Amino acid sequence: MLVRGWRRGWQQRSRLERIDLYSRVTVSTMPWFFTLAWQVAPFKSDIRHEPLPLFLGLALLVVSLVQCLLNSLNIRPAYRHYLGTSVFPRRRQLPPLVLILVSLGLLVALVGVDGVNGSGLFLMVINMPTAFATTQTLLVPVRTFLLQALALAALGVGSLAAVGVRGGPLGGVASAVLLSCLIILVSVRPSAWSLAVMWQAEEARDLQARLAVAEERLRFGRDLHDVLGRNLAVIALKSELAAELAQRGRPEAVDQMVEVQRIARTSQQEVREVVRGYREADLSTELAGARGVLSAAGIECEVRGTTGGELPAPVQAALGWVVREAATNVLRHGDPRRCTIRIGSSADEVVLQVENDGAADDSGAGTGTGGSGLAGLRERLRALEGSLDAGPAGNGLFRLTATIPLSGTENRTPSRAKPGAAGAVAGVVGAGPGAAGTGTATETELAAPTALQEGRR
């Protein structure tokens, strides 16, 4: 159960979050690897096997392991500092700095008692700054980091020269410190920079999706304003005129109110047509809209096969709803990078298939249990004697398949969506299920007065 839960949590992470985790784990394990490789190796033959040298060597190994532990604790906030999402508390680097000075002191003491030879000294020196430098390279500019590396190399050379190290070994100490810092610099900084670029690209993709939502809302708002603005102004003026005429006892007030009633009915019909046009699905329009919205969200969308222009109108409307809901699910579930829409028709039936990657194997996005979108689609297709299948297809793929028979569909009409079912265009570009429900309620409210008036007649 524990392994299954861990696997489910791992699959639900986005691809970028997994890359972020890979980077941090790799960087945090590098000092451990270097310590076990470079700090342990000298015990075999380079450290003199006597109590004092062995004690100093073991103490140096313990200090190095503590540095690795502190680096593992600091690497995550250091990455956040580099990415600009938080500020790293500088006091957390004080213990690693003290430990690196302790390591240098132990190394000087080990050399002072003639407890290590040249090759072992080189390995211990090259390992000394790795843990501290791994975090430090994410916190300061490159120039500052290089100056600090030079200062550490000068401190190491001066300390070892004070205990009698001369000539080639002394030059090797300086080159070992600088080499270690350069290895960390070229390993950690490019990884962090690439991660920062990917997060910026992800933010840009989210911004494009939000702009697509805002543009669609503005378009719908303009349509409603164009339809209602002039008519409401006329209704207000004629109502004022009717009130004035009624106060004067003029019979023309009745004519003005009849005109107000006519304009109100006309406005009601125009709004109903706007809402219906916004909510009704046309296959070719929905294909183009899905491709545009998914592309704006950074998802590559490809449409294969016919655009459905030769299909009966009820079939086109039903398949348009399928494309709309499928695009909604692609945006909301998993971490897709590619989506393929295939449409194939024969003399007997038409098949629409939407397939996307980045879906978790245990995702319930397509089962219909997590929402009413696919349930509403099944109701629409059932009215045309069609069927809908949706579920994982393996290898991280999710596939939705709609099948509609073509015999006799000209005389059948797909049922209207229930509130919250199938989503309107606003749902495709990111509005929640409430958007679809609002659209349905609005249309119902618009239809209610007309029905009441018909009953009065």
# chains A, B, ... in the order shown; residues from 1 in each chain; ligands from 1
call {"tool": "residues_around", "arguments": {"residues": "Pro89 (chain A)", "least_positions_apart": "5", "cutoff": "10 Å", "atoms": "only C-alpha atoms", "output": "number ranges by chain"}}
result
A: 74, 77-78, 81, 94
call {"tool": "write_last_selection", "arguments": {"atoms": "all heavy atoms", "output": "short mmCIF file (atom, residue, chain, number, x, y, z; two decimals), in the first residue's frame"}}
result
data_model
loop_
_atom_site.label_atom_id
_atom_site.label_comp_id
_atom_site.auth_asym_id
_atom_site.auth_seq_id
_atom_site.Cartn_x
_atom_site.Cartn_y
_atom_site.Cartn_z
N ASN A 74 19.75 22.26 3.14
CA ASN A 74 19.77 23.63 2.62
C ASN A 74 19.51 23.71 1.12
O ASN A 74 19.25 24.82 0.61
CB ASN A 74 21.12 24.30 2.91
CG ASN A 74 21.30 24.61 4.38
OD1 ASN A 74 20.33 24.72 5.13
ND2 ASN A 74 22.54 24.74 4.82
N PRO A 77 15.77 25.19 -0.01
CA PRO A 77 15.62 26.65 0.08
C PRO A 77 16.63 27.40 -0.79
O PRO A 77 16.35 28.52 -1.25
CB PRO A 77 15.83 26.95 1.57
CG PRO A 77 16.48 25.74 2.13
CD PRO A 77 16.03 24.59 1.31
N ALA A 78 17.80 26.81 -1.05
CA ALA A 78 18.77 27.47 -1.93
C ALA A 78 18.23 27.52 -3.36
O ALA A 78 18.39 28.53 -4.06
CB ALA A 78 20.11 26.73 -1.88
N HIS A 81 15.66 30.16 -3.52
CA HIS A 81 16.31 31.47 -3.56
C HIS A 81 16.78 31.79 -4.97
O HIS A 81 16.60 32.91 -5.46
CB HIS A 81 17.49 31.48 -2.58
CG HIS A 81 18.25 32.77 -2.56
ND1 HIS A 81 17.94 33.80 -1.70
CD2 HIS A 81 19.31 33.19 -3.31
CE1 HIS A 81 18.77 34.81 -1.92
NE2 HIS A 81 19.62 34.46 -2.88
N LEU A 94 26.03 29.62 8.01
CA LEU A 94 27.09 29.79 9.01
C LEU A 94 27.62 28.46 9.55
O LEU A 94 28.84 28.26 9.61
CB LEU A 94 26.56 30.67 10.16
CG LEU A 94 27.59 31.02 11.25
CD1 LEU A 94 28.77 31.77 10.64
CD2 LEU A 94 26.93 31.86 12.35
#
call {"tool": "select_by_dssp", "arguments": {"residues": "region 220-398 of chain A", "states": "alpha helix (DSSP H)", "output": "ChimeraX atom specification"}}
result
/A:220-247,252-279,283-296,313-332,373-383
call {"tool": "write_last_selection", "arguments": {"atoms": "C-alpha atoms", "output": "tab-separated table (two decimals), in the first residue's frame"}}
result
chain	number	residue	atom	x	y	z
A	220	PHE	CA	-19.23	37.19	-25.08
A	221	GLY	CA	-19.61	40.42	-23.09
A	222	ARG	CA	-19.40	42.50	-26.29
A	223	ASP	CA	-22.06	40.34	-27.93
A	224	LEU	CA	-24.46	40.81	-25.03
A	225	HIS	CA	-23.77	44.54	-24.90
A	226	ASP	CA	-24.43	44.93	-28.62
A	227	VAL	CA	-27.70	43.03	-28.34
A	228	LEU	CA	-29.10	44.57	-25.15
A	229	GLY	CA	-27.63	48.06	-25.02
A	230	ARG	CA	-29.78	49.82	-27.63
A	231	ASN	CA	-32.99	47.92	-26.86
A	232	LEU	CA	-32.81	48.61	-23.11
A	233	ALA	CA	-32.24	52.30	-23.79
A	234	VAL	CA	-35.33	52.38	-26.03
A	235	ILE	CA	-37.38	50.49	-23.41
A	236	ALA	CA	-36.37	53.02	-20.75
A	237	LEU	CA	-37.32	56.00	-22.91
A	238	LYS	CA	-40.67	54.56	-23.99
A	239	SER	CA	-41.50	53.57	-20.41
A	240	GLU	CA	-40.89	57.17	-19.29
A	241	LEU	CA	-43.02	58.43	-22.16
A	242	ALA	CA	-45.83	55.99	-21.27
A	243	ALA	CA	-45.71	57.10	-17.65
A	244	GLU	CA	-46.00	60.77	-18.66
A	245	LEU	CA	-48.88	60.00	-21.01
A	246	ALA	CA	-50.67	57.94	-18.37
A	247	GLN	CA	-50.39	60.78	-15.83
A	252	GLU	CA	-51.43	56.80	-26.36
A	253	ALA	CA	-49.82	55.43	-23.20
A	254	VAL	CA	-51.28	52.02	-24.00
A	255	ASP	CA	-49.65	52.07	-27.44
A	256	GLN	CA	-46.29	52.96	-25.91
A	257	MET	CA	-46.51	50.08	-23.41
A	258	VAL	CA	-47.43	47.68	-26.20
A	259	GLU	CA	-44.32	48.88	-28.04
A	260	VAL	CA	-42.25	48.35	-24.88
A	261	GLN	CA	-43.62	44.81	-24.66
A	262	ARG	CA	-42.72	44.15	-28.30
A	263	ILE	CA	-39.17	45.43	-27.87
A	264	ALA	CA	-38.75	43.37	-24.68
A	265	ARG	CA	-39.85	40.22	-26.51
A	266	THR	CA	-37.50	40.99	-29.37
A	267	SER	CA	-34.61	41.54	-26.95
A	268	GLN	CA	-35.49	38.31	-25.19
A	269	GLN	CA	-35.33	36.40	-28.46
A	270	GLU	CA	-32.04	38.05	-29.47
A	271	VAL	CA	-30.41	37.21	-26.13
A	272	ARG	CA	-31.69	33.64	-26.42
A	273	GLU	CA	-30.10	33.38	-29.85
A	274	VAL	CA	-26.80	34.76	-28.53
A	275	VAL	CA	-26.76	32.27	-25.66
A	276	ARG	CA	-27.82	29.39	-27.90
A	277	GLY	CA	-25.13	30.26	-30.43
A	278	TYR	CA	-22.62	30.42	-27.62
A	279	ARG	CA	-23.66	27.06	-26.20
A	283	LEU	CA	-17.93	20.52	-35.23
A	284	SER	CA	-15.62	22.54	-37.48
A	285	THR	CA	-15.79	25.54	-35.14
A	286	GLU	CA	-15.10	23.37	-32.10
A	287	LEU	CA	-12.14	21.69	-33.81
A	288	ALA	CA	-10.60	25.07	-34.58
A	289	GLY	CA	-11.40	26.33	-31.09
A	290	ALA	CA	-9.92	23.27	-29.40
A	291	ARG	CA	-6.75	23.54	-31.45
A	292	GLY	CA	-6.39	27.24	-30.61
A	293	VAL	CA	-7.09	26.86	-26.89
A	294	LEU	CA	-4.78	23.85	-26.46
A	295	SER	CA	-2.03	25.57	-28.43
A	296	ALA	CA	-2.41	28.65	-26.21
A	313	ALA	CA	-26.35	18.48	-38.52
A	314	PRO	CA	-27.33	16.51	-35.37
A	315	VAL	CA	-24.18	14.40	-35.66
A	316	GLN	CA	-21.99	17.48	-36.12
A	317	ALA	CA	-23.57	19.12	-33.06
A	318	ALA	CA	-23.06	16.03	-30.89
A	319	LEU	CA	-19.45	15.56	-32.02
A	320	GLY	CA	-18.83	19.25	-31.44
A	321	TRP	CA	-19.86	18.76	-27.82
A	322	VAL	CA	-17.52	15.79	-27.58
A	323	VAL	CA	-14.58	17.85	-28.88
A	324	ARG	CA	-15.45	20.67	-26.46
A	325	GLU	CA	-15.61	18.40	-23.40
A	326	ALA	CA	-12.50	16.47	-24.46
A	327	ALA	CA	-10.53	19.71	-24.76
A	328	THR	CA	-11.75	20.66	-21.28
A	329	ASN	CA	-10.52	17.35	-19.84
A	330	VAL	CA	-7.15	17.66	-21.59
A	331	LEU	CA	-6.63	21.06	-19.98
A	332	ARG	CA	-7.80	20.02	-16.52
A	373	GLY	CA	-19.28	16.26	-18.22
A	374	LEU	CA	-18.93	12.83	-19.79
A	375	ALA	CA	-22.27	11.74	-18.34
A	376	GLY	CA	-23.90	14.62	-20.21
A	377	LEU	CA	-22.08	13.61	-23.40
A	378	ARG	CA	-23.34	10.05	-23.08
A	379	GLU	CA	-26.91	11.39	-22.81
A	380	ARG	CA	-26.42	13.43	-25.97
A	381	LEU	CA	-24.96	10.50	-27.88
A	382	ARG	CA	-27.60	8.11	-26.54
A	383	ALA	CA	-30.24	10.30	-28.22
call {"tool": "residues_around", "arguments": {"residues": "Trp32 (chain A)", "least_positions_apart": "3", "cutoff": "8 Å", "atoms": "only C-alpha atoms", "output": "number ranges by chain"}}
result
A: 28-29, 35-36, 65, 68
call {"tool": "residues_around", "arguments": {"residues": "Val354 (chain A)", "least_positions_apart": "5", "cutoff": "8 Å", "atoms": "only C-alpha atoms", "output": "list in words"}}
result
Val323, Ala326, Cys339, Thr340, Ile341, Arg342, Arg399, Leu400 and Thr401 of chain A
call {"tool": "write_last_selection", "arguments": {"atoms": "all heavy atoms", "output": "PDB file, in the first residue's frame"}}
result
ATOM      1  N   VAL A 323     -15.870  17.164 -28.735  1.00  0.00           N
ATOM      2  CA  VAL A 323     -14.585  17.854 -28.875  1.00  0.00           C
ATOM      3  C   VAL A 323     -14.426  18.897 -27.778  1.00  0.00           C
ATOM      4  O   VAL A 323     -13.362  19.038 -27.164  1.00  0.00           O
ATOM      5  CB  VAL A 323     -14.478  18.499 -30.269  1.00  0.00           C
ATOM      6  CG1 VAL A 323     -13.240  19.395 -30.351  1.00  0.00           C
ATOM      7  CG2 VAL A 323     -14.425  17.436 -31.349  1.00  0.00           C
ATOM      8  N   ALA A 326     -13.819  17.109 -24.445  1.00  0.00           N
ATOM      9  CA  ALA A 326     -12.505  16.470 -24.458  1.00  0.00           C
ATOM     10  C   ALA A 326     -11.401  17.498 -24.277  1.00  0.00           C
ATOM     11  O   ALA A 326     -10.428  17.265 -23.552  1.00  0.00           O
ATOM     12  CB  ALA A 326     -12.303  15.699 -25.763  1.00  0.00           C
ATOM     13  N   CYS A 339      -1.891  16.325 -28.050  1.00  0.00           N
ATOM     14  CA  CYS A 339      -3.259  15.833 -28.170  1.00  0.00           C
ATOM     15  C   CYS A 339      -3.558  15.608 -29.651  1.00  0.00           C
ATOM     16  O   CYS A 339      -3.236  16.455 -30.495  1.00  0.00           O
ATOM     17  CB  CYS A 339      -4.241  16.836 -27.568  1.00  0.00           C
ATOM     18  SG  CYS A 339      -5.981  16.353 -27.750  1.00  0.00           S
ATOM     19  N   THR A 340      -4.148  14.466 -29.953  1.00  0.00           N
ATOM     20  CA  THR A 340      -4.485  14.118 -31.333  1.00  0.00           C
ATOM     21  C   THR A 340      -5.984  13.855 -31.419  1.00  0.00           C
ATOM     22  O   THR A 340      -6.531  13.081 -30.636  1.00  0.00           O
ATOM     23  CB  THR A 340      -3.711  12.870 -31.798  1.00  0.00           C
ATOM     24  OG1 THR A 340      -2.307  13.098 -31.656  1.00  0.00           O
ATOM     25  CG2 THR A 340      -4.025  12.554 -33.253  1.00  0.00           C
ATOM     26  N   ILE A 341      -6.648  14.506 -32.376  1.00  0.00           N
ATOM     27  CA  ILE A 341      -8.081  14.328 -32.626  1.00  0.00           C
ATOM     28  C   ILE A 341      -8.237  13.669 -33.984  1.00  0.00           C
ATOM     29  O   ILE A 341      -7.785  14.204 -34.998  1.00  0.00           O
ATOM     30  CB  ILE A 341      -8.831  15.673 -32.575  1.00  0.00           C
ATOM     31  CG1 ILE A 341      -8.601  16.374 -31.231  1.00  0.00           C
ATOM     32  CG2 ILE A 341     -10.317  15.461 -32.825  1.00  0.00           C
ATOM     33  CD1 ILE A 341      -9.222  17.760 -31.154  1.00  0.00           C
ATOM     34  N   ARG A 342      -8.858  12.492 -34.002  1.00  0.00           N
ATOM     35  CA  ARG A 342      -9.061  11.751 -35.260  1.00  0.00           C
ATOM     36  C   ARG A 342     -10.554  11.610 -35.519  1.00  0.00           C
ATOM     37  O   ARG A 342     -11.322  11.262 -34.621  1.00  0.00           O
ATOM     38  CB  ARG A 342      -8.419  10.365 -35.174  1.00  0.00           C
ATOM     39  CG  ARG A 342      -6.941  10.356 -34.853  1.00  0.00           C
ATOM     40  CD  ARG A 342      -6.411   8.930 -34.837  1.00  0.00           C
ATOM     41  NE  ARG A 342      -5.010   8.874 -34.433  1.00  0.00           N
ATOM     42  CZ  ARG A 342      -4.591   8.744 -33.192  1.00  0.00           C
ATOM     43  NH1 ARG A 342      -5.495   8.641 -32.222  1.00  0.00           N
ATOM     44  NH2 ARG A 342      -3.310   8.701 -32.904  1.00  0.00           N
ATOM     45  N   ARG A 399      -7.575   8.073 -23.761  1.00  0.00           N
ATOM     46  CA  ARG A 399      -8.285   8.040 -25.049  1.00  0.00           C
ATOM     47  C   ARG A 399      -9.781   8.134 -24.813  1.00  0.00           C
ATOM     48  O   ARG A 399     -10.343   7.440 -23.964  1.00  0.00           O
ATOM     49  CB  ARG A 399      -7.950   6.757 -25.801  1.00  0.00           C
ATOM     50  CG  ARG A 399      -8.560   6.668 -27.196  1.00  0.00           C
ATOM     51  CD  ARG A 399      -8.125   5.387 -27.882  1.00  0.00           C
ATOM     52  NE  ARG A 399      -6.683   5.362 -28.043  1.00  0.00           N
ATOM     53  CZ  ARG A 399      -5.951   4.273 -27.914  1.00  0.00           C
ATOM     54  NH1 ARG A 399      -6.511   3.119 -27.601  1.00  0.00           N
ATOM     55  NH2 ARG A 399      -4.640   4.321 -28.090  1.00  0.00           N
ATOM     56  N   LEU A 400     -10.421   9.022 -25.581  1.00  0.00           N
ATOM     57  CA  LEU A 400     -11.864   9.176 -25.561  1.00  0.00           C
ATOM     58  C   LEU A 400     -12.380   8.878 -26.961  1.00  0.00           C
ATOM     59  O   LEU A 400     -11.909   9.467 -27.940  1.00  0.00           O
ATOM     60  CB  LEU A 400     -12.243  10.590 -25.122  1.00  0.00           C
ATOM     61  CG  LEU A 400     -13.734  10.918 -24.988  1.00  0.00           C
ATOM     62  CD1 LEU A 400     -13.943  11.919 -23.855  1.00  0.00           C
ATOM     63  CD2 LEU A 400     -14.290  11.500 -26.286  1.00  0.00           C
ATOM     64  N   THR A 401     -13.349   7.964 -27.074  1.00  0.00           N
ATOM     65  CA  THR A 401     -13.856   7.536 -28.376  1.00  0.00           C
ATOM     66  C   THR A 401     -15.369   7.682 -28.394  1.00  0.00           C
ATOM     67  O   THR A 401     -16.069   7.137 -27.522  1.00  0.00           O
ATOM     68  CB  THR A 401     -13.479   6.072 -28.666  1.00  0.00           C
ATOM     69  OG1 THR A 401     -12.057   5.924 -28.578  1.00  0.00           O
ATOM     70  CG2 THR A 401     -13.940   5.663 -30.056  1.00  0.00           C
TER      71      THR A 401
END
call {"tool": "select_by_dssp", "arguments": {"residues": "region 202-349 of chain A", "states": "strand (DSSP E or B)", "output": "list of chain:residue names"}}
result
A:Glu300, A:Cys301, A:Glu302, A:Val303, A:Arg304, A:Gly305, A:Arg338, A:Cys339, A:Thr340, A:Ile341, A:Arg342, A:Ile343, A:Gly344, A:Ser345, A:Glu349
call {"tool": "closest_residue", "arguments": {"among": "A:Leu106, A:Met124, A:Val163, A:Ala192", "to": "Phe55 (chain A)", "atoms": "only C-alpha atoms"}}
result
A:Leu106
call {"tool": "atom_distance", "arguments": {"atom1": "CA of Gln136 (chain A)", "atom2": "CA of Leu70 (chain A)"}}
result
12.1 Å
call {"tool": "atom_distance", "arguments": {"atom1": "CA of Met128 (chain A)", "atom2": "CA of Ser45 (chain A)"}}
result
19.3 Å
